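One file, coords.csv, carrying CSV, C-alpha atoms:
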```csv
chain,number,residue,atom,x,y,z
A,1,MET,CA,92.4,328.4,39.7
A,2,GLN,CA,91.1,331.5,37.9
A,3,LYS,CA,92.6,334.9,37.7
A,4,MET,CA,90.8,338.1,36.5
A,5,LEU,CA,92.8,340.6,34.4
A,6,SER,CA,92.0,343.0,31.6
A,7,THR,CA,93.4,344.2,28.3
A,8,ILE,CA,92.8,347.0,25.9
A,9,TYR,CA,92.4,346.5,22.1
A,10,GLN,CA,91.5,349.4,19.8
A,11,ASN,CA,90.6,351.7,22.7
A,12,LYS,CA,88.2,349.2,24.2
A,13,GLU,CA,88.8,347.3,27.4
A,14,TYR,CA,88.1,343.6,27.6
A,15,PRO,CA,88.1,341.3,30.7
A,16,VAL,CA,90.6,338.5,30.6
A,17,ILE,CA,89.9,335.3,32.6
A,18,ILE,CA,92.9,333.0,32.9
A,19,GLU,CA,92.4,329.5,34.3
A,20,HIS,CA,95.5,327.5,35.2
A,21,LYS,CA,94.9,323.8,35.3
A,22,SER,CA,96.4,320.4,34.6
A,23,MET,CA,96.2,319.8,30.9
A,24,ARG,CA,96.9,316.6,29.0
A,25,HIS,CA,97.9,318.7,26.0
A,26,LYS,CA,100.3,321.6,26.9
A,27,SER,CA,98.8,324.0,24.4
A,28,ILE,CA,97.1,327.3,25.6
A,29,ARG,CA,93.5,327.7,24.6
A,30,PHE,CA,92.1,331.1,23.7
A,31,ARG,CA,88.3,331.9,23.4
A,32,LEU,CA,86.1,335.0,23.3
A,33,LYS,CA,82.9,334.5,25.3
A,34,ASN,CA,80.3,337.1,26.3
A,35,GLY,CA,82.8,339.9,25.6
A,36,SER,CA,85.6,338.3,27.7
A,37,PHE,CA,88.8,336.6,26.6
A,38,MET,CA,88.8,333.1,28.2
A,39,ILE,CA,92.2,331.4,28.5
A,40,SER,CA,93.0,327.9,29.7
A,41,ALA,CA,96.7,327.2,30.3
A,42,PRO,CA,99.0,324.8,32.1
A,43,TYR,CA,100.3,325.8,35.6
A,44,THR,CA,103.8,326.2,34.2
A,45,VAL,CA,102.9,329.1,31.8
A,46,SER,CA,103.1,332.6,33.4
A,47,ASP,CA,100.4,335.2,33.1
A,48,LYS,CA,102.9,337.6,31.5
A,49,HIS,CA,103.6,335.1,28.7
A,50,ILE,CA,99.8,334.4,28.2
A,51,MET,CA,99.1,338.1,27.9
A,52,LYS,CA,101.8,338.5,25.3
A,53,LEU,CA,100.4,335.7,23.3
A,54,LEU,CA,96.9,337.2,23.6
A,55,GLU,CA,98.0,340.2,21.7
A,56,GLU,CA,98.4,338.0,18.6
A,57,LYS,CA,94.9,336.6,19.1
A,58,TYR,CA,92.9,339.8,19.3
A,59,ALA,CA,92.0,340.1,15.7
A,60,PRO,CA,91.3,336.4,14.9
A,61,LEU,CA,89.1,336.0,18.0
A,62,LEU,CA,87.1,339.1,17.3
A,63,ILE,CA,86.7,338.4,13.6
A,64,ALA,CA,85.5,334.9,14.4
A,65,LYS,CA,82.9,336.4,16.8
A,66,GLU,CA,81.7,338.8,14.1
A,67,LYS,CA,81.2,336.1,11.5
A,68,PRO,CA,77.9,336.4,9.5
A,69,PRO,CA,75.4,333.7,10.5
A,70,ALA,CA,75.2,330.5,8.4
A,71,VAL,CA,71.5,330.1,9.3
A,72,GLY,CA,68.8,332.8,9.6
A,73,ASP,CA,65.0,332.7,10.1
A,74,ASP,CA,64.5,332.2,6.4
A,75,PHE,CA,67.9,331.2,4.9
A,76,ILE,CA,70.7,328.8,5.2
A,77,TYR,CA,74.1,328.3,3.6
A,78,LEU,CA,74.8,324.8,2.4
A,79,PHE,CA,78.1,323.9,0.8
A,80,GLY,CA,78.7,327.5,-0.1
A,81,SER,CA,75.3,328.3,-1.6
A,82,ARG,CA,72.5,330.3,0.0
A,83,TYR,CA,69.0,328.8,0.1
A,84,SER,CA,65.7,330.0,1.4
A,85,PHE,CA,64.8,327.9,4.4
A,86,PRO,CA,61.1,327.3,4.9
A,87,SER,CA,59.9,325.2,7.8
A,88,GLN,CA,59.3,322.4,5.4
A,89,GLY,CA,60.3,321.7,1.8
A,90,GLN,CA,63.3,320.5,-0.1
A,91,PHE,CA,66.7,321.5,-1.5
A,92,THR,CA,68.1,320.5,-4.8
A,93,PHE,CA,71.9,320.6,-4.9
A,94,SER,CA,74.1,321.4,-7.9
A,95,ASN,CA,74.8,317.7,-8.3
A,96,GLY,CA,71.1,317.0,-8.6
A,97,GLU,CA,70.8,315.4,-5.2
A,98,ILE,CA,67.5,316.3,-3.4
A,99,LEU,CA,67.0,316.7,0.3
A,100,SER,CA,63.3,316.7,1.4
A,101,TYR,CA,62.2,317.3,5.0
A,102,LYS,CA,59.0,317.8,7.0
A,103,ASP,CA,60.4,319.9,9.9
A,104,LYS,CA,63.7,321.3,11.3
A,105,GLU,CA,64.4,318.2,13.3
A,106,GLU,CA,64.2,316.0,10.2
A,107,PHE,CA,66.3,318.5,8.3
A,108,ASP,CA,69.1,318.4,10.9
A,109,LYS,CA,69.2,314.6,10.7
A,110,LYS,CA,69.2,314.4,7.0
A,111,ILE,CA,71.8,317.2,6.4
A,112,ARG,CA,74.1,315.6,8.9
A,113,LYS,CA,73.8,312.3,7.1
A,114,LEU,CA,74.4,313.9,3.7
A,115,TYR,CA,77.3,315.9,5.0
A,116,LEU,CA,78.9,312.7,6.4
A,117,LYS,CA,78.5,311.0,3.0
A,118,ILE,CA,80.0,313.9,1.1
A,119,ILE,CA,82.9,314.5,3.4
A,120,THR,CA,83.7,310.7,3.5
A,121,GLU,CA,83.9,310.7,-0.3
A,122,ARG,CA,86.2,313.7,-0.2
A,123,VAL,CA,88.4,312.1,2.5
A,124,ARG,CA,88.7,308.9,0.4
A,125,TYR,CA,89.8,310.9,-2.6
A,126,TYR,CA,92.5,312.8,-0.8
A,127,GLU,CA,93.7,309.7,1.0
A,128,GLN,CA,94.5,308.2,-2.4
A,129,LEU,CA,96.0,311.4,-3.7
A,130,MET,CA,98.1,312.0,-0.6
A,131,LYS,CA,98.9,308.3,-0.2
A,132,THR,CA,97.8,308.1,3.5
A,133,LYS,CA,96.1,305.2,5.2
A,134,GLU,CA,92.3,304.9,5.2
A,135,HIS,CA,90.6,306.6,8.2
A,136,ASN,CA,87.4,306.3,10.1
A,137,VAL,CA,85.4,309.5,9.3
A,138,ARG,CA,83.1,311.2,11.8
A,139,VAL,CA,81.3,314.5,12.1
A,140,ARG,CA,80.3,316.3,15.3
A,141,LYS,CA,79.7,319.7,16.9
A,142,MET,CA,83.0,321.5,17.6
A,143,SER,CA,83.3,324.9,19.1
A,144,THR,CA,87.0,325.7,18.7
A,145,ARG,CA,88.2,323.4,15.9
A,146,TYR,CA,87.3,322.5,12.3
A,147,GLY,CA,88.8,319.1,12.4
A,148,THR,CA,90.9,316.5,14.3
A,149,ASN,CA,93.1,313.5,13.4
A,150,SER,CA,93.4,310.9,16.1
A,151,LYS,CA,96.3,308.4,15.7
A,152,LYS,CA,95.0,306.4,18.5
A,153,THR,CA,91.6,305.6,16.9
A,154,ASN,CA,92.7,306.2,13.3
A,155,THR,CA,89.8,308.7,13.0
A,156,VAL,CA,89.4,312.0,11.3
A,157,CYS,CA,86.6,314.1,12.6
A,158,PHE,CA,85.1,317.3,11.1
A,159,ALA,CA,83.0,320.1,12.6
A,160,LEU,CA,79.3,320.1,11.6
A,161,THR,CA,79.6,323.8,10.8
A,162,LEU,CA,81.7,323.1,7.8
A,163,TYR,CA,78.7,322.0,5.8
A,164,SER,CA,77.9,325.7,5.3
A,165,TYR,CA,81.1,326.3,3.4
A,166,SER,CA,82.2,325.6,-0.2
A,167,TYR,CA,83.6,322.3,-1.2
A,168,GLN,CA,87.0,324.0,-1.7
A,169,ILE,CA,87.1,325.2,1.9
A,170,ILE,CA,86.0,321.8,3.1
A,171,ASP,CA,88.8,320.1,1.0
A,172,ALA,CA,91.3,322.5,2.6
A,173,ILE,CA,90.4,321.3,6.1
A,174,ILE,CA,90.5,317.6,4.9
A,175,VAL,CA,94.0,318.2,3.5
A,176,HIS,CA,95.1,319.8,6.7
A,177,GLU,CA,93.9,316.9,8.8
A,178,LEU,CA,95.4,314.2,6.5
A,179,ALA,CA,98.7,316.0,6.5
A,180,HIS,CA,99.0,315.1,10.2
A,181,ASP,CA,99.6,311.6,9.1
A,182,TYR,CA,103.0,312.8,7.9
A,183,HIS,CA,103.7,315.4,10.6
A,184,PHE,CA,101.7,315.5,13.9
A,185,ASP,CA,102.4,319.1,14.5
A,186,HIS,CA,102.2,322.5,12.7
A,187,SER,CA,105.9,322.7,11.7
A,188,PRO,CA,107.1,324.1,8.4
A,189,ASN,CA,107.4,320.6,7.1
A,190,PHE,CA,103.7,320.0,7.9
A,191,TYR,CA,102.7,323.1,5.9
A,192,LYS,CA,104.8,321.9,3.0
A,193,VAL,CA,102.6,318.9,2.8
A,194,VAL,CA,99.4,321.1,3.1
A,195,TYR,CA,100.5,323.5,0.4
A,196,ASN,CA,101.6,320.7,-1.9
A,197,PHE,CA,98.0,319.4,-2.1
A,198,CYS,CA,96.2,322.7,-1.5
A,199,PRO,CA,98.3,325.6,-2.9
A,200,ASN,CA,95.6,328.2,-2.0
A,201,TYR,CA,95.2,326.9,1.6
A,202,LYS,CA,96.0,330.3,3.2
A,203,GLU,CA,93.3,332.0,1.2
A,204,LEU,CA,90.7,329.3,1.9
A,205,HIS,CA,91.5,329.2,5.6
A,206,LYS,CA,91.2,333.0,5.7
A,207,LYS,CA,87.7,332.7,4.2
A,208,LEU,CA,86.8,330.1,6.7
A,209,ARG,CA,87.9,332.3,9.7
A,210,LYS,CA,85.9,335.3,8.3
A,211,GLY,CA,82.8,333.3,7.6
A,212,GLU,CA,82.9,333.7,3.9
A,213,PHE,CA,80.9,330.6,2.8
A,214,GLN,CA,81.5,330.7,-0.9
```

Can the structure from this file be put into structure tokens for me?
Amino acid sequence: MQKMLSTIYQNKEYPVIIEHKSMRHKSIRFRLKNGSFMISAPYTVSDKHIMKLLEEKYAPLLIAKEKPPAVGDDFIYLFGSRYSFPSQGQFTFSNGEILSYKDKEEFDKKIRKLYLKIITERVRYYEQLMKTKEHNVRVRKMSTRYGTNSKKTNTVCFALTLYSYSYQIIDAIIVHELAHDYHFDHSPNFYKVVYNFCPNYKELHKKLRKGEFQ
């Protein structure tokens, strides 16, 4: 069941579309799509409460929408560095690793494989440092999250978009997901674990939200 409302932020009116539905997880989901705030919520949450929560989401959602692009017609950000992006060619990374490709399709396959290799190595490092169990590591497209940690499948999964960001920012998300092995919530105790292993987490997460790749 959908309900159409509206809200005003910085003298501009935005449509608000609230969809109440049965949800396995009871959290409320906020998105900005085509200039409208899209909200999914359980039936038990009132519209008044949703609109109050939305007031805290204006800036983060609008900032995320205004992020600079990671890929343009002739450039791309990879692991925090900007490269020219011809239709075919190669990249030489700071560690000396070379990625060659003949077209965009081959590039997408190779960068995904390289990204999985790099992020798996970083996960293994932090698993030892944080004394967690070893996880399966996956990467995939995600539109609203940077990572997940599934207890059921013992899998940590990371958004493909992260390969545009610096290794420091990627590490911050890895620490965040592995910290869920200790606390499967976002309580103060959870963030104590995060900040213990990533003291500048707040700064790095802010860069991530703003689309600051370096």

One decimal, in Å: what's the spacing between CA of Asn154 in chain A and CA of Asp181 in chain A? 9.7 Å

12 Å contact set for range 96-98 of chain A, all atoms listed in the file, chain neighbours under 2 positions out, as a PDB file with C-alpha atoms, in the coordinates of the input:
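So the final result, stored in out-v3.pdb, reads:
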```pdb
ATOM      1  CA  GLY A  89      60.300 321.700   1.800  1.00  0.00           C
ATOM      2  CA  GLN A  90      63.300 320.500  -0.100  1.00  0.00           C
ATOM      3  CA  PHE A  91      66.700 321.500  -1.500  1.00  0.00           C
ATOM      4  CA  THR A  92      68.100 320.500  -4.800  1.00  0.00           C
ATOM      5  CA  PHE A  93      71.900 320.600  -4.900  1.00  0.00           C
ATOM      6  CA  SER A  94      74.100 321.400  -7.900  1.00  0.00           C
ATOM      7  CA  SER A 100      63.300 316.700   1.400  1.00  0.00           C
ATOM      8  CA  TYR A 101      62.200 317.300   5.000  1.00  0.00           C
ATOM      9  CA  PHE A 107      66.300 318.500   8.300  1.00  0.00           C
ATOM     10  CA  LYS A 110      69.200 314.400   7.000  1.00  0.00           C
ATOM     11  CA  ILE A 111      71.800 317.200   6.400  1.00  0.00           C
ATOM     12  CA  LEU A 114      74.400 313.900   3.700  1.00  0.00           C
ATOM     13  CA  ILE A 118      80.000 313.900   1.100  1.00  0.00           C
TER      14      ILE A 118
END
```

Can you tell me, as a ChimeraX atom specification, what residues are no more than 10 Å from Phe30 in chain A when counting all atoms listed in the file, ignoring any on the same chain fewer than 5 positions away? /A:18,37-41,50,53-54,57-58,61,144

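When only C-alpha atoms are used to compute distances to Ser143 in chain A, the closest of the residues A:Tyr115, A:Phe75, A:Tyr163, A:Phe158 turns out to be A:Phe158.
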
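Going from CA of Glu212 in chain A to CA of Leu129 in chain A covers 27.0 Å.
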
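Atom pair CA of Ser22 in chain A / CA of Tyr43 in chain A has a distance of 6.7 Å (rounded to one decimal).
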
List as a PyMOL selection string the protein and nucleic acid residues near range 12-15 of chain A, meaning an atom at most 8 Å away when only C-alpha atoms are counted, but skip any in the same chain fewer than 3 places from it. chain A and resi 4-9+35-37

Point (96.4, 308.8, 14.7), cut-off 12 Å, counting only C-alpha atoms, residues as number ranges by chain: A: 132-136, 148-157, 177-185

Spatial neighbours of range 120-125 of chain A, 8 Å, all atoms listed in the file, chain gap at least 3 places, as a PyMOL selection string: chain A and resi 116-117+128-129+134+137+171+174

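Using all atoms listed in the file, the residues found no farther than 8 Å from range 193-199 of chain A, other than those of its own chain fewer than 4 positions away, are Met130, Ala172, Val175, His176, Ala179, Tyr182 and Asn189 of chain A.
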
If you keep C-alpha atoms, can you produce a file of those selected residues as a PDB file, in the frame of the given file?
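Final file, part22.pdb:
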```
ATOM      1  CA  MET A 130      98.100 312.000  -0.600  1.00  0.00           C
ATOM      2  CA  ALA A 172      91.300 322.500   2.600  1.00  0.00           C
ATOM      3  CA  VAL A 175      94.000 318.200   3.500  1.00  0.00           C
ATOM      4  CA  HIS A 176      95.100 319.800   6.700  1.00  0.00           C
ATOM      5  CA  ALA A 179      98.700 316.000   6.500  1.00  0.00           C
ATOM      6  CA  TYR A 182     103.000 312.800   7.900  1.00  0.00           C
ATOM      7  CA  ASN A 189     107.400 320.600   7.100  1.00  0.00           C
TER       8      ASN A 189
END
```

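Among A:Lys206, A:Ala159, A:Ile17, A:Tyr146, the residue with the shortest atom-to-atom distance to Met51 in chain A, counting all atoms listed in the file, is A:Ile17.
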
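Of the residues under consideration (A:Tyr77, A:Tyr191, A:Tyr167, A:Tyr201), A:Tyr167 shows the shortest atom-to-atom contact distance to Ile119 in chain A when counting all atoms listed in the file.
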